[in-house]
Structures are given as structure tokens and as C-alpha cells.
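**Q** Next up, input29.cif (mmCIF, C-alpha atoms).
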```cif
data_data
#
loop_
_atom_site.label_atom_id
_atom_site.label_comp_id
_atom_site.auth_asym_id
_atom_site.auth_seq_id
_atom_site.Cartn_x
_atom_site.Cartn_y
_atom_site.Cartn_z
CA MET A 279 0.00 0.00 0.00
CA ILE A 280 1.17 3.49 -0.77
CA HIS A 281 2.43 5.23 2.36
CA ASN A 282 0.78 8.60 1.78
CA ALA A 283 -2.57 7.16 0.73
CA GLN A 284 -5.47 9.08 2.16
CA LEU A 285 -8.47 7.11 3.43
CA ILE A 286 -11.59 8.60 1.87
CA LYS A 287 -14.21 5.95 2.56
CA GLN A 288 -14.66 2.93 4.72
CA GLY A 289 -17.39 0.40 4.08
CA ALA A 290 -18.23 -3.05 5.41
CA GLU A 291 -16.23 -4.81 2.70
CA ALA A 292 -13.49 -2.42 1.76
CA LYS A 293 -11.53 0.72 2.41
CA VAL A 294 -11.12 3.29 -0.32
CA TYR A 295 -8.01 5.43 -0.56
CA LEU A 296 -6.91 8.28 -2.75
CA ALA A 297 -3.20 8.13 -3.55
CA PRO A 298 -0.61 9.21 -6.10
CA PHE A 299 0.09 6.47 -8.62
CA CYS A 300 2.32 6.74 -11.70
CA GLN A 301 1.99 10.52 -11.82
CA ARG A 302 -1.78 10.46 -11.47
CA GLN A 303 -4.25 10.48 -8.62
CA ALA A 304 -5.73 7.02 -8.24
CA ILE A 305 -8.35 5.29 -6.17
CA ILE A 306 -7.14 2.23 -4.30
CA LYS A 307 -9.81 -0.12 -3.05
CA GLU A 308 -8.68 -2.52 -0.41
CA ARG A 309 -10.77 -5.49 0.61
CA PHE A 310 -9.74 -6.40 4.10
CA ALA A 311 -9.67 -9.75 5.85
CA LYS A 312 -12.71 -10.80 7.85
CA ALA A 313 -11.64 -12.12 11.24
CA TYR A 314 -14.81 -14.18 11.63
CA ARG A 315 -14.07 -16.30 8.58
CA HIS A 316 -11.65 -19.18 8.36
CA PRO A 317 -8.40 -17.66 6.97
CA THR A 318 -8.15 -19.99 3.98
CA LEU A 319 -11.78 -19.47 3.00
CA ASP A 320 -11.47 -15.74 3.60
CA LYS A 321 -8.47 -15.46 1.31
CA LYS A 322 -10.19 -17.39 -1.42
CA LEU A 323 -13.45 -15.44 -1.20
CA THR A 324 -11.72 -12.07 -1.03
CA SER A 325 -9.48 -12.84 -3.96
CA ARG A 326 -12.42 -14.04 -6.02
CA ARG A 327 -14.36 -10.86 -5.32
CA VAL A 328 -11.46 -8.63 -6.21
CA VAL A 329 -11.19 -10.40 -9.55
CA GLN A 330 -14.94 -10.24 -10.07
CA GLU A 331 -15.06 -6.50 -9.45
CA ALA A 332 -12.13 -5.79 -11.77
CA ARG A 333 -13.64 -7.96 -14.49
CA CYS A 334 -17.03 -6.28 -14.31
CA LEU A 335 -15.40 -2.84 -14.51
CA ASN A 336 -13.32 -3.88 -17.50
CA ARG A 337 -16.28 -5.52 -19.18
CA CYS A 338 -18.22 -2.25 -18.90
CA GLN A 339 -15.31 -0.25 -20.25
CA LYS A 340 -15.12 -2.53 -23.26
CA ALA A 341 -18.85 -2.02 -23.88
CA LEU A 342 -18.21 1.75 -23.86
CA ILE A 343 -20.03 2.33 -20.60
CA ASP A 344 -18.32 5.07 -18.62
CA THR A 345 -16.76 3.41 -15.56
CA PRO A 346 -13.43 3.95 -13.79
CA THR A 347 -10.53 2.46 -15.74
CA VAL A 348 -8.78 -0.33 -13.83
CA TYR A 349 -5.07 0.47 -13.45
CA MET A 350 -3.72 -2.51 -11.55
CA VAL A 351 -4.99 -5.52 -9.64
CA ASP A 352 -2.87 -6.70 -6.73
CA LEU A 353 -4.38 -10.03 -5.73
CA GLU A 354 -1.84 -10.70 -3.02
CA ASN A 355 -2.95 -7.66 -1.06
CA SER A 356 -6.56 -7.57 -2.38
CA LEU A 357 -6.15 -4.16 -3.96
CA ILE A 358 -7.67 -2.64 -7.05
CA TYR A 359 -6.00 0.52 -8.33
CA MET A 360 -8.33 2.53 -10.53
CA GLU A 361 -9.10 5.86 -12.07
CA TYR A 362 -10.05 8.66 -9.73
CA ILE A 363 -13.20 10.35 -11.02
CA GLU A 364 -13.27 14.01 -10.19
CA GLY A 365 -16.80 15.24 -9.65
CA ILE A 366 -19.81 14.84 -7.43
CA SER A 367 -22.26 12.00 -6.96
CA VAL A 368 -25.80 12.17 -8.32
CA ARG A 369 -26.88 12.15 -4.70
CA GLU A 370 -24.99 15.39 -4.09
CA PHE A 371 -26.04 16.85 -7.42
CA LEU A 372 -29.75 16.46 -6.70
CA VAL A 373 -29.55 18.87 -3.78
CA THR A 374 -27.74 21.61 -5.72
CA ALA A 375 -29.72 24.49 -7.24
CA GLU A 376 -29.11 23.12 -10.73
CA GLY A 377 -29.85 19.56 -9.70
CA GLU A 378 -33.30 20.54 -8.49
CA THR A 379 -34.41 21.75 -11.90
CA PRO A 380 -36.51 19.38 -14.03
CA GLU A 381 -34.26 20.01 -17.06
CA ALA A 382 -31.12 18.86 -15.28
CA GLN A 383 -32.89 15.91 -13.70
CA SER A 384 -34.25 14.84 -17.04
CA ARG A 385 -30.82 14.98 -18.70
CA VAL A 386 -29.18 12.99 -15.91
CA ALA A 387 -32.05 10.48 -15.81
CA LYS A 388 -31.64 9.82 -19.49
CA GLU A 389 -27.94 9.16 -19.12
CA ILE A 390 -28.45 6.88 -16.13
CA GLY A 391 -31.14 4.86 -17.89
CA THR A 392 -29.06 4.48 -21.05
CA ALA A 393 -25.97 3.40 -19.11
CA LEU A 394 -27.90 0.85 -17.06
CA GLY A 395 -29.52 -0.56 -20.18
CA LYS A 396 -26.12 -1.01 -21.81
CA MET A 397 -24.72 -2.54 -18.64
CA HIS A 398 -27.53 -5.10 -18.42
CA ASN A 399 -27.12 -5.86 -22.14
CA ILE A 400 -23.65 -7.23 -21.42
CA GLU A 401 -25.10 -9.23 -18.49
CA VAL A 402 -23.44 -7.16 -15.78
CA VAL A 403 -25.61 -6.67 -12.70
CA HIS A 404 -24.31 -3.86 -10.49
CA GLY A 405 -25.72 -5.16 -7.22
CA ASP A 406 -25.63 -1.88 -5.32
CA LEU A 407 -27.19 0.86 -7.41
CA THR A 408 -27.62 3.98 -5.31
CA THR A 409 -27.37 7.64 -6.16
CA SER A 410 -24.01 7.67 -4.36
CA ASN A 411 -22.68 5.09 -6.81
CA LEU A 412 -23.55 7.24 -9.79
CA MET A 413 -20.96 9.94 -10.30
CA MET A 414 -20.91 12.98 -12.54
CA ARG A 415 -17.60 13.59 -14.26
CA LYS A 416 -16.35 17.14 -13.77
CA GLU A 417 -14.14 17.25 -16.86
CA THR A 418 -17.03 16.49 -19.24
CA GLY A 419 -19.40 18.88 -17.54
CA GLY A 420 -21.28 16.20 -15.65
CA SER A 421 -21.65 13.03 -17.72
CA VAL A 422 -22.68 10.01 -15.66
CA VAL A 423 -20.13 7.43 -14.53
CA LEU A 424 -21.07 4.17 -12.81
CA ILE A 425 -18.85 3.36 -9.85
CA ASP A 426 -18.40 0.81 -7.06
CA PHE A 427 -18.77 -2.58 -8.66
CA GLY A 428 -17.93 -4.29 -5.38
CA LEU A 429 -21.16 -6.30 -5.38
CA SER A 430 -21.46 -6.73 -9.11
CA TYR A 431 -21.67 -10.02 -10.94
CA VAL A 432 -22.43 -11.46 -14.33
CA SER A 433 -25.96 -12.77 -14.80
CA ASN A 434 -28.41 -13.09 -17.65
CA LEU A 435 -31.43 -13.50 -15.38
CA ILE A 436 -34.32 -11.09 -15.85
CA GLU A 437 -34.92 -11.36 -12.13
CA ASP A 438 -31.43 -10.09 -11.20
CA LYS A 439 -31.68 -7.12 -13.53
CA ALA A 440 -35.15 -6.21 -12.26
CA VAL A 441 -33.90 -6.34 -8.68
CA ASP A 442 -30.97 -4.12 -9.72
CA LEU A 443 -33.47 -1.48 -10.89
CA TYR A 444 -35.63 -1.98 -7.82
CA VAL A 445 -32.68 -1.30 -5.52
CA LEU A 446 -32.08 1.97 -7.36
CA GLU A 447 -35.75 2.88 -7.15
CA ARG A 448 -35.70 2.35 -3.41
CA ALA A 449 -32.56 4.46 -3.15
CA PHE A 450 -34.35 7.24 -4.99
CA THR A 451 -37.56 7.15 -2.99
CA SER A 452 -35.77 6.89 0.34
CA THR A 453 -33.19 9.63 -0.20
CA HIS A 454 -34.71 12.01 -2.70
CA PRO A 455 -38.28 13.20 -2.22
CA ASN A 456 -40.24 14.18 -5.32
CA THR A 457 -38.08 12.35 -7.81
CA GLU A 458 -40.78 9.97 -9.08
CA VAL A 459 -40.75 11.75 -12.43
CA MET A 460 -36.98 11.46 -12.65
CA PHE A 461 -37.06 7.74 -11.89
CA ALA A 462 -39.75 7.25 -14.52
CA GLN A 463 -37.45 9.00 -17.00
CA ILE A 464 -34.63 6.65 -16.03
CA LEU A 465 -36.85 3.68 -16.81
CA GLU A 466 -37.92 5.26 -20.07
CA ALA A 467 -34.31 5.66 -21.24
CA TYR A 468 -33.57 2.17 -19.92
CA GLY A 469 -36.46 0.91 -22.03
CA GLU A 470 -34.79 2.27 -25.13
CA SER A 471 -31.29 0.96 -24.50
CA SER A 472 -31.93 -2.38 -22.82
CA LYS A 473 -32.59 -5.27 -25.17
CA ALA A 474 -34.84 -7.18 -22.80
CA ALA A 475 -36.42 -4.04 -21.35
CA LYS A 476 -39.97 -5.24 -21.74
CA LEU A 477 -39.47 -8.39 -19.70
CA ILE A 478 -37.27 -6.69 -17.13
CA LEU A 479 -39.68 -3.80 -16.54
CA LYS A 480 -42.55 -6.25 -16.23
CA LYS A 481 -40.54 -8.22 -13.69
CA LEU A 482 -39.81 -4.98 -11.85
CA GLU A 483 -43.53 -4.68 -11.15
CA ASP A 484 -43.50 -8.12 -9.52
CA VAL A 485 -40.43 -7.22 -7.51
CA ARG A 486 -42.11 -4.05 -6.27
CA MET A 487 -44.96 -6.13 -4.93
CA ARG A 488 -42.80 -8.49 -2.95
CA GLY A 489 -39.50 -6.70 -2.27
CA ARG A 490 -35.93 -7.52 -3.08
CA LYS A 491 -35.86 -11.03 -1.68
CA ARG A 492 -37.62 -13.78 -3.46
CA SER A 493 -39.94 -15.94 -1.39
CA MET A 494 -38.47 -19.37 -0.91
CA LEU A 495 -41.68 -20.96 0.28
CA GLY A 496 -43.13 -23.90 -1.59
CA MET B 519 16.20 11.30 -19.01
CA GLU B 520 13.30 11.55 -16.59
CA SER B 521 12.88 9.70 -13.31
CA PHE B 522 9.60 8.83 -11.61
CA PRO B 523 9.07 7.31 -8.17
CA ILE B 524 7.38 3.92 -7.86
CA ASP B 525 4.57 4.93 -5.51
CA THR B 526 3.86 1.39 -4.37
CA LEU B 527 7.52 0.52 -3.74
CA PRO B 528 9.51 3.68 -3.03
CA SER B 529 12.46 1.71 -1.63
CA VAL B 530 13.19 0.06 -4.98
CA GLY B 531 14.25 3.36 -6.53
CA ASP B 532 12.88 5.33 -9.44
CA ILE B 533 11.72 4.38 -12.90
CA HIS B 534 14.17 6.03 -15.29
CA LEU B 535 13.00 6.80 -18.82
CA ALA B 536 15.12 8.03 -21.68
CA CYS B 537 13.94 8.45 -25.25
CA PHE B 538 16.25 8.10 -28.21
CA THR B 539 15.48 9.13 -31.76
CA GLY B 540 17.60 8.57 -34.85
CA VAL B 541 18.86 5.31 -33.37
CA ARG B 542 21.61 3.81 -35.54
CA ASN B 543 22.50 0.56 -33.77
CA ALA B 544 19.12 -1.17 -33.36
CA ALA B 545 20.30 -4.32 -35.13
CA ASP B 546 23.21 -4.64 -32.74
CA LEU B 547 20.99 -4.01 -29.70
CA LYS B 548 18.48 -6.55 -30.90
CA GLU B 549 21.25 -9.09 -31.33
CA ARG B 550 22.46 -8.46 -27.78
CA LEU B 551 18.91 -8.96 -26.48
CA GLN B 552 18.63 -12.23 -28.30
CA VAL B 553 21.80 -13.68 -26.82
CA GLN B 554 20.68 -12.37 -23.40
CA ASP B 555 23.70 -10.14 -23.00
CA LYS B 556 23.92 -9.49 -19.25
CA SER B 557 25.61 -6.14 -19.78
CA LEU B 558 22.33 -4.74 -21.09
CA THR B 559 20.78 -3.51 -17.87
CA PHE B 560 17.69 -1.70 -19.11
CA ALA B 561 14.59 -2.42 -21.17
CA MET B 562 14.03 -1.01 -24.64
CA VAL B 563 10.57 -0.35 -26.01
CA GLU B 564 9.41 0.61 -29.47
CA SER B 565 8.36 4.21 -28.84
CA ASN B 566 5.60 4.50 -31.43
CA LEU B 567 3.48 2.11 -29.34
CA ILE B 568 3.59 4.31 -26.24
CA MET B 569 0.63 6.69 -26.12
CA ASP B 570 1.36 8.23 -22.75
CA VAL B 571 3.94 8.11 -20.00
CA PHE B 572 1.34 6.47 -17.77
CA GLN B 573 1.33 3.39 -20.00
CA ILE B 574 5.04 2.77 -19.52
CA LEU B 575 5.06 3.70 -15.83
CA LEU B 576 2.26 1.23 -15.22
CA ALA B 577 4.07 -1.60 -17.00
CA ALA B 578 7.25 -0.84 -15.03
CA THR B 579 5.39 -0.58 -11.71
CA LYS B 580 3.77 -3.96 -12.26
CA ALA B 581 7.15 -5.44 -13.14
CA ALA B 582 8.68 -4.01 -9.96
CA GLN B 583 5.81 -5.40 -7.87
CA ASP B 584 6.11 -8.87 -9.35
CA ASN B 585 9.87 -8.78 -8.95
CA GLU B 586 9.45 -8.02 -5.24
CA SER B 587 7.09 -10.93 -4.74
CA GLY B 588 9.25 -13.25 -6.87
CA LYS B 589 6.59 -13.64 -9.51
CA LEU B 590 8.26 -12.55 -12.71
CA LYS B 591 6.90 -14.37 -15.73
CA THR B 592 9.94 -13.66 -17.86
CA GLN B 593 13.70 -14.00 -17.30
CA THR B 594 14.58 -10.49 -16.23
CA LEU B 595 13.06 -7.35 -14.79
CA SER B 596 13.79 -5.60 -18.09
CA SER B 597 11.98 -8.13 -20.25
CA GLU B 598 9.10 -8.10 -17.76
CA ILE B 599 8.52 -4.39 -18.44
CA VAL B 600 8.21 -5.07 -22.16
CA TYR B 601 6.05 -8.12 -21.56
CA ASN B 602 3.73 -6.14 -19.27
CA LEU B 603 2.92 -3.67 -22.03
CA SER B 604 1.15 -6.40 -23.91
CA PRO B 605 -2.38 -7.46 -22.95
CA THR B 606 -1.74 -11.11 -23.83
CA ASN B 607 0.12 -13.76 -21.86
CA ASN B 608 2.17 -14.97 -24.81
CA ILE B 609 5.70 -14.02 -23.81
CA ALA B 610 7.50 -14.42 -27.15
CA GLU B 611 4.84 -12.50 -29.02
CA SER B 612 4.65 -9.74 -26.40
CA LEU B 613 8.40 -9.17 -26.51
CA LYS B 614 8.37 -9.17 -30.28
CA ARG B 615 5.51 -6.71 -30.48
CA PHE B 616 6.61 -4.15 -27.90
CA GLY B 617 10.37 -4.64 -27.93
CA ILE B 618 12.69 -3.17 -30.52
CA THR B 619 13.35 -4.59 -33.99
CA GLU B 620 16.37 -4.30 -36.26
CA ASP B 621 14.64 -1.42 -38.01
CA THR B 622 13.80 0.57 -34.89
CA THR B 623 14.92 4.18 -35.07
CA SER B 624 13.10 5.53 -32.06
CA LEU B 625 12.98 3.82 -28.68
CA ILE B 626 12.39 4.35 -24.99
CA ALA B 627 14.96 2.97 -22.57
CA VAL B 628 13.49 2.00 -19.18
CA LYS B 629 15.37 1.09 -16.04
CA ILE B 630 14.10 0.46 -12.53
CA GLY B 631 16.34 1.66 -9.70
CA GLY B 632 19.93 2.79 -9.70
CA ASP B 633 21.73 6.09 -9.54
CA PRO B 634 20.28 8.43 -12.21
CA ASP B 635 23.67 9.68 -13.41
CA GLU B 636 25.03 6.18 -13.85
CA VAL B 637 21.85 4.97 -15.53
CA LEU B 638 21.90 7.84 -18.00
CA GLU B 639 25.57 7.29 -18.76
CA ASP B 640 24.98 3.60 -19.35
CA MET B 641 21.99 4.25 -21.61
CA SER B 642 23.77 6.94 -23.63
CA ASN B 643 26.82 4.74 -24.08
CA THR B 644 24.73 1.80 -25.22
CA VAL B 645 22.18 3.38 -27.53
CA ASP B 646 23.61 5.24 -30.50
CA GLY B 647 21.01 7.96 -31.04
CA ASN B 648 19.77 11.39 -30.00
CA LEU B 649 18.65 11.61 -26.40
CA ILE B 650 15.44 13.59 -25.86
CA SER B 651 13.13 13.89 -22.88
CA PHE B 652 9.86 11.99 -22.89
CA SER B 653 7.77 15.15 -22.97
CA LYS B 654 9.56 16.21 -26.17
CA LEU B 655 8.70 12.97 -27.93
CA ASP B 656 5.93 14.10 -30.28
CA GLN B 657 6.22 11.20 -32.64
CA GLU B 658 3.35 9.75 -34.67
CA LYS B 659 2.00 6.66 -32.93
CA ASP B 660 1.38 3.48 -34.88
CA MET B 661 -2.38 3.47 -34.37
CA GLU B 662 -2.91 0.50 -36.62
CA LYS B 663 -0.67 -1.66 -34.48
CA LEU B 664 -2.03 -0.26 -31.23
CA ARG B 665 -5.57 -1.06 -32.32
CA LYS B 666 -4.58 -4.55 -33.34
CA PHE B 667 -2.46 -5.39 -30.29
CA TYR B 668 -4.93 -4.07 -27.74
CA LYS B 669 -8.00 -5.13 -29.75
CA ILE B 670 -9.44 -1.65 -29.50
CA ASP B 671 -13.07 -1.30 -30.54
CA PRO B 672 -13.33 0.72 -33.79
CA LYS B 673 -15.99 2.87 -32.11
CA VAL B 674 -13.37 4.14 -29.66
CA THR B 675 -11.79 7.12 -31.38
CA ASP B 676 -10.67 9.83 -28.99
CA ASP B 677 -7.14 9.63 -27.62
CA LYS B 678 -8.15 9.57 -24.00
CA ALA B 679 -10.56 6.68 -24.48
CA ILE B 680 -7.94 4.80 -26.51
CA LEU B 681 -5.42 5.27 -23.72
CA ASN B 682 -7.95 4.08 -21.13
CA TRP B 683 -8.63 0.99 -23.21
CA ILE B 684 -4.88 0.28 -23.39
CA ILE B 685 -4.48 0.78 -19.64
CA GLY B 686 -7.39 -1.57 -18.96
CA GLY B 687 -5.76 -4.21 -21.14
CA ILE B 688 -2.47 -3.95 -19.25
CA ALA B 689 -4.24 -3.97 -15.88
CA MET B 690 -6.36 -7.05 -16.59
CA LYS B 691 -3.50 -9.16 -17.92
CA ASN B 692 -3.06 -11.07 -14.65
CA VAL B 693 -6.78 -11.53 -13.95
CA GLN B 694 -8.08 -12.67 -17.32
#
```
Using the file provided, produce a representation of the structure as C-alpha cells.

**A**
Amino acid sequence: MIHNAQLIKQGAEAKVYLAPFCQRQAIIKERFAKAYRHPTLDKKLTSRRVVQEARCLNRCQKALIDTPTVYMVDLENSLIYMEYIEGISVREFLVTAEGETPEAQSRVAKEIGTALGKMHNIEVVHGDLTTSNLMMRKETGGSVVLIDFGLSYVSNLIEDKAVDLYVLERAFTSTHPNTEVMFAQILEAYGESSKAAKLILKKLEDVRMRGRKRSMLG
Amino acid sequence: MESFPIDTLPSVGDIHLACFTGVRNAADLKERLQVQDKSLTFAMVESNLIMDVFQILLAATKAAQDNESGKLKTQTLSSEIVYNLSPTNNIAESLKRFGITEDTTSLIAVKIGGDPDEVLEDMSNTVDGNLISFSKLDQEKDMEKLRKFYKIDPKVTDDKAILNWIIGGIAMKNVQ
């Protein structure tokens, strides 16, 4: 780990640092060991998740979806070095004066929906879609970047993609009042870019009725 | 010559980069590489395949990391730098693609660690060409080769996106 790395975020699974790397500023995401797991199992699981996250990020990049570029994967120390995105999150944007206007919300919604549709087209499920995990790139004047693929995985199931959207919907309704219109615009743009949009949006209605977890009865 | 710290391994020393144009002894250098001449202490890279200094610093940093953990895939730290530039795991092909050829006239010499004055002297004595700094290297890049080697999507056209694609390819080499 870089000695002058600055801790900028700590979650349940990982720590996120900002540090100089090859003449740039980079994000370093460190998955740490879980003391409650058997060491061998822990090492295996952690390493697998690091690989999974890096692969999903790279897969998105190759499909021309704006995500942080992976710089280096250090499996031994469970680190992913990646591009530092300068900008603010959609969550922060929505409480700015500009972010409260319908025009801005509509533009951002469109971008989010299109990006998510493209992401699901390549069978990547994000797993943790929140407005904090959607960034707006400063250098392009606020284009949307998807970040934090720590819970992402590859799946072609309609169910998984519908739940992905449902998680985002819940994030919207619980953190941003009066954004129903914006979320509807996200789904509209998603409908245009996602190949299986019809089935996924239909499934989303089922998921809304029952919640994120599927009933395992019967 | 320019020197850059290895942020992840500061104790190893700097990454030293020197660019040479108008190189006249490429055939001789290539020959020395082939017979694994131990007196060649630095790596040499075909400079028209380097889009940005970040690309070469990344390849060198990865090589330094793997050297520390005893995980080099190739024979030497120098060849590992060249190998790391390539997104594939085929060693012979990677070295052929990113290393110098007999016809090379413009190259980047890369060395990890060592005293800068001595490194520069060694590089200048070995490569017969005009030394310029990396930032002055405004040479045409071989986009056709870059696109082929890194399998860059034709839809990706701006330089920054091309560079990001290249970086992603280098980064994912060990986790394919």
C-alpha cells in the first residue's frame, strides 16, 4: 500500500483510498480480511471478489459504458487501483440548485437509464445501485459514470436485472423526495437501451410487490 | 532522461525513462537482447506504441511489484517491463511486439532503480542515437498496431478513451 494514501471511505467490505500512482491520482480499493471467517476461506473469497469486481469494470469499459478504468490488480494484497473520477455523486447533485431543476434531472435520468440498459445488455448486474454510486464527471461537464462494482456479478437473469433497478428505485424514494418523475425517466431511457427491457420492466412490477428477496416458500 | 518514483515501492528506486530518436545501432541491440547479453541492464521499447507516459510507468510498476514478490513471468526485470505492455500472456509475441526490432529508429529505454547519473551514462553509451526527454517525444504513434495489439473497438476514437482501453488491457492481464 502506498504510504501517503489518504483514506476517503470505509465500508463493510473495503476501504477506499486516494493516492498518487504513476503521476496520477488514483483510487485504491482494499478489501480487508474478515476475522470471523476461516483464513483460507477468507483469502479465497476475497481474492475471487477482487477479480470479479475488476472484471465487471473492465467488461463495462469494453462495452463503452463510462466506468473507472482499472489500473492494476494486486491479488496478493486484495487491492484494485483505478481511475479517480473528479466530480460529485448524483446524490450530491440532486440537492444543488441546478440539480433541483426538471431540465437537469431529465438529462441525468436519461444518461443513467441508457448506461444501465447497456450494462444489463452485457449481463453485468451492479448489485448496489444507489445515487451515491452514480458519479458525474467534472471534466465532461457532468456526464454520468457508474462506480463501485464491489457487489457486481455477471448474470443473464431477468430477475437479477429487475432487482438491480428496484434497488435503485428504493434508493431514490428513500433519499430524494419528489423524484418519481426522474425515476420514470430513467426507466424510459432504460427501455430504449436495454434489449430485454420489456421483460425486465414487467418483472420490476413483480419485484415491487414483494421486495428484493424472493420468497423461498413452496 | 526523466525519473519517476514507484509509488507502491519507493524503496526500490525510481523508474528512469530516456527516449532516443535517430537510433543507428538497433540491429546490434536486438542481437544483444537475443543472446541475453547481461551487460544490457535496461529495457528497450518501441516508442511508437507508447501513447502516454502512464502506460510505460504502469508496465514498469507492475514489473517491480512482481519482482518483489518473486513472480516474474519472464527472465529479467527488463523483459518483464516489455512483456507487461502487452495485454496477452504470450511471452515471445509480447516481446516481439513491444520490444525493438532491427529497423527501430526511435525507442524508450526503461530502467528500474539505480543512480540516475550512472543509468543515464549507461543508456547513452549503449544506444547510439539522440537523447530527448519523454515530454519532447511528439512522434506519430502506430495506431494501426495499437488497435490490433490491444483489440481496440473501432468505435473508440478519442485519444483519452484509446489510452484508457490500453491501460485496462495492461491492468487485466493477470486476472483474465

**Q** Name the residues in contact with A:Asp344 at a cut-off of 8 Å, using only C-alpha atoms, excluding same-chain residues fewer than 2 positions from it; report them as an NGL selection string.

**A** :A and (338-339 or 342 or 346 or 393 or 422-424)

**Q** Can you give me, as an NGL selection string, the residues this file yields under the PyMOL selection byres ((chain B) within 6 of (chain A))?

**A** :B and (525-526 or 575 or 686 or 689)

**Q** Between atom CA of A:Ile343 and atom CA of A:Leu357, what distance in Å does the model show, to one decimal?

**A**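 Interatomic distance here is 22.6 Å.
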
**Q** For A:Arg326, which residue out of A:Ile464, A:Arg486, A:Gly428, A:Ile400 is the nearest one, using all atoms listed in the file?

**A**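 Selected residue with least distance to A:Arg326: A:Gly428.
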
**Q** Determine the residue membership of the PyMOL selection byres ((chain A and resi 458) around 12) for the file above and supply it as a PyMOL selection string.

**A** chain A and resi 380+383-384+387+446-457+459-465

**Q** Would you pick out the contacts of stretch 583-586 of chain B at 8 Å or less, using all atoms listed in the file, so that residues sharing its chain but fewer than 4 positions from it are not included, and give the list as a PyMOL selection string?

**A** chain B and resi 526-527+579+590+595

**Q** Rounded to one decimal, what separation in Å do you get between atom CA of A:Ala440 and atom CA of A:Glu331?

**A**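 Computing the Euclidean distance for atom CA of A:Ala440 and atom CA of A:Glu331 yields 20.3 Å.
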
**Q** Which residues fall under the PyMOL selection byres ((chain B and resi 619-621) around 12) in this file, as number ranges by chain?

**A** B: 540-552, 562-565, 613-618, 622-625

**Q** What gap, in Å, lies between atom CA of B:Val628 and atom CA of B:Trp683?

**A**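 It comes out at 22.5 Å.
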
**Q** Is it possible to dump stretch 405-461 of chain A as a compact mmCIF listing (two decimals), in the first residue's frame, including just C-alpha atoms?

**A**
```txt
# COMPACT_ATOMS: atom_id res chain seq x y z
CA GLY A 405 -25.72 -5.16 -7.22
CA ASP A 406 -25.63 -1.88 -5.32
CA LEU A 407 -27.19 0.86 -7.41
CA THR A 408 -27.62 3.98 -5.31
CA THR A 409 -27.37 7.64 -6.16
CA SER A 410 -24.01 7.67 -4.36
CA ASN A 411 -22.68 5.09 -6.81
CA LEU A 412 -23.55 7.24 -9.79
CA MET A 413 -20.96 9.94 -10.30
CA MET A 414 -20.91 12.98 -12.54
CA ARG A 415 -17.60 13.59 -14.26
CA LYS A 416 -16.35 17.14 -13.77
CA GLU A 417 -14.14 17.25 -16.86
CA THR A 418 -17.03 16.49 -19.24
CA GLY A 419 -19.40 18.88 -17.54
CA GLY A 420 -21.28 16.20 -15.65
CA SER A 421 -21.65 13.03 -17.72
CA VAL A 422 -22.68 10.01 -15.66
CA VAL A 423 -20.13 7.43 -14.53
CA LEU A 424 -21.07 4.17 -12.81
CA ILE A 425 -18.85 3.36 -9.85
CA ASP A 426 -18.40 0.81 -7.06
CA PHE A 427 -18.77 -2.58 -8.66
CA GLY A 428 -17.93 -4.29 -5.38
CA LEU A 429 -21.16 -6.30 -5.38
CA SER A 430 -21.46 -6.73 -9.11
CA TYR A 431 -21.67 -10.02 -10.94
CA VAL A 432 -22.43 -11.46 -14.33
CA SER A 433 -25.96 -12.77 -14.80
CA ASN A 434 -28.41 -13.09 -17.65
CA LEU A 435 -31.43 -13.50 -15.38
CA ILE A 436 -34.32 -11.09 -15.85
CA GLU A 437 -34.92 -11.36 -12.13
CA ASP A 438 -31.43 -10.09 -11.20
CA LYS A 439 -31.68 -7.12 -13.53
CA ALA A 440 -35.15 -6.21 -12.26
CA VAL A 441 -33.90 -6.34 -8.68
CA ASP A 442 -30.97 -4.12 -9.72
CA LEU A 443 -33.47 -1.48 -10.89
CA TYR A 444 -35.63 -1.98 -7.82
CA VAL A 445 -32.68 -1.30 -5.52
CA LEU A 446 -32.08 1.97 -7.36
CA GLU A 447 -35.75 2.88 -7.15
CA ARG A 448 -35.70 2.35 -3.41
CA ALA A 449 -32.56 4.46 -3.15
CA PHE A 450 -34.35 7.24 -4.99
CA THR A 451 -37.56 7.15 -2.99
CA SER A 452 -35.77 6.89 0.34
CA THR A 453 -33.19 9.63 -0.20
CA HIS A 454 -34.71 12.01 -2.70
CA PRO A 455 -38.28 13.20 -2.22
CA ASN A 456 -40.24 14.18 -5.32
CA THR A 457 -38.08 12.35 -7.81
CA GLU A 458 -40.78 9.97 -9.08
CA VAL A 459 -40.75 11.75 -12.43
CA MET A 460 -36.98 11.46 -12.65
CA PHE A 461 -37.06 7.74 -11.89
```
